[in-house]
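The structure under discussion appears below in the form of structure tokens.
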Amino acid sequence: MQIFATSLATASMLASTSAFTTSATSNGGTALHMADMPMDTAKEWPTINGWKADPTKFCAGLPGSVAPLGEFDPWELTSDMSIKEIKRYRESEVTHGRVAMLATVGYLVGESFHPLFGGEVIGPANSHLAQVQEIAPAFFTILVNMIAVAEIRRALVGWKSAESLAEVSEDLNSALGASLIDSYYPGDIGFDPIGLKPKTDEGFRNMATKELQNGRLAMFGAIGMLVQEQVTHEPIVQTLKSLF
């Protein structure tokens with residue numbers, strides 16, 4: 001298990017070198033060919049946060065491609081995707097990346113510092129939620145409802161109404177008709193309580209790229225810690241300490 005943890009730490013350090021790099025796309029990626037473009041590429045897309053969907057560019061021109069991987073899509077998953085689908089996949093990637101970043105911090109902080117519930121929630125973070133459900137069921141219910149409210153708000157801000165379910169007959173890859181509003185930028189739900197969103201288009205593009213890179217790294221980190229604790233049944237910090 002020490003070898004597993006060491007490999008995870010090494011991979012994280014290598015990946016982190018690109019996590020704080022601003023956008024610098026390469027020219028050799030997978031862009032849509034005009035003959036293979038889905039129908040929605042012919043429509044006029046609005047400009048949002050300085051981005052306008054361009055079917056001739058990798059991922060319709062969305063930020064997120066940085067050196068050394070550049071326009072990374074070895075299986076060409078996006079080569080025949082509609083812009084609507086590319087936006088939906090990016091929405092999913094950004095959302096999961098944000099959850100993973102919170103989870104990564106939660107693993108490290110929650111296992112080392114736990115003043116809530118009289119310090120009764122201890123041990124590996126994998127077991128914390130079950131402990132909270134048992135110790136404070138009311139708090140667990142509130143937590144679940146808060147998550148539901150956040151998800152409903154995200155759906156109302158970025159997703160088309162139920163009437164658009166009819167679109168499933170037009171696009172069989174549209175998740176049963178569910179698709180994002182044309183004027184919605186994937187991940188930009190308007191939540192910015194301390195005003196971190198850049199005012200310029202270039203600044204927004206750079207910040208969006210940094211968020212994506214850190215979110216991608218966090219997804220690897222979170223799943224690595226989850227699996228590590230399932231195997232060792234001890235807090236991740238304790239496992240790391242045993243290596244030194």
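Labels for the structure tokens follow display order: chains A, B, ..., residues from 1 in each chain, ligands from 1.
The shell of residues at most 8 Å from Ala60 in chain A, with only C-alpha atoms counted and near chain neighbours (fewer than 6 positions) removed, consists of Ala31, Ala53, Asp54, Ile83 and Ile86 of chain A.
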Generate the output file for the selected residues, N, CA and C atoms, as a PDB file, in the first residue's frame.
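Done, and the output landed in result-v3.pdb:
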ATOM      1  N   ALA A  31     -10.472  18.593 -34.262  1.00  0.00           N
ATOM      2  CA  ALA A  31     -11.529  19.560 -34.527  1.00  0.00           C
ATOM      3  C   ALA A  31     -12.570  18.902 -35.419  1.00  0.00           C
ATOM      4  N   ALA A  53     -19.463  29.533 -29.654  1.00  0.00           N
ATOM      5  CA  ALA A  53     -19.259  28.167 -30.148  1.00  0.00           C
ATOM      6  C   ALA A  53     -18.764  28.174 -31.585  1.00  0.00           C
ATOM      7  N   ASP A  54     -17.627  27.534 -31.800  1.00  0.00           N
ATOM      8  CA  ASP A  54     -17.036  27.435 -33.128  1.00  0.00           C
ATOM      9  C   ASP A  54     -16.846  25.958 -33.462  1.00  0.00           C
ATOM     10  N   ILE A  83     -22.729  20.701 -30.688  1.00  0.00           N
ATOM     11  CA  ILE A  83     -22.297  21.726 -29.736  1.00  0.00           C
ATOM     12  C   ILE A  83     -23.100  21.621 -28.447  1.00  0.00           C
ATOM     13  N   ILE A  86     -21.488  18.918 -26.443  1.00  0.00           N
ATOM     14  CA  ILE A  86     -20.189  19.363 -25.924  1.00  0.00           C
ATOM     15  C   ILE A  86     -20.395  20.249 -24.703  1.00  0.00           C
TER      16      ILE A  86
END
Set the distance at 9 Å and use only C-alpha atoms: which residues neighbour range 131-147 of chain A once local chain neighbours fewer than 4 positions away are removed? I'd like the list as a list in words. Phe117, Glu120, Val121, Ile122, Ser127, Glu151 and Ile152 of chain A
Point out the residue among A:Tyr107, A:Phe191, A:Trp159, A:Trp51 with the least atom-to-atom distance to Ser179 in chain A, counting only C-alpha atoms.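 Closest candidate: A:Trp159.
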Among listed residues A:Ala67, A:Leu180, A:Val105, A:Ile189, nearest Met225 in chain A (using only C-alpha atoms): A:Val105
Among range 49-172 of chain A, which ones does DSSP assign to strand (DSSP E or B) (computed from the backbone)? Answer as a list in words.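 Everything in range 49-172 of chain A that counts as strand (DSSP E or B) is Trp51, Lys52, Val66, Gly70 and Trp159 of chain A.
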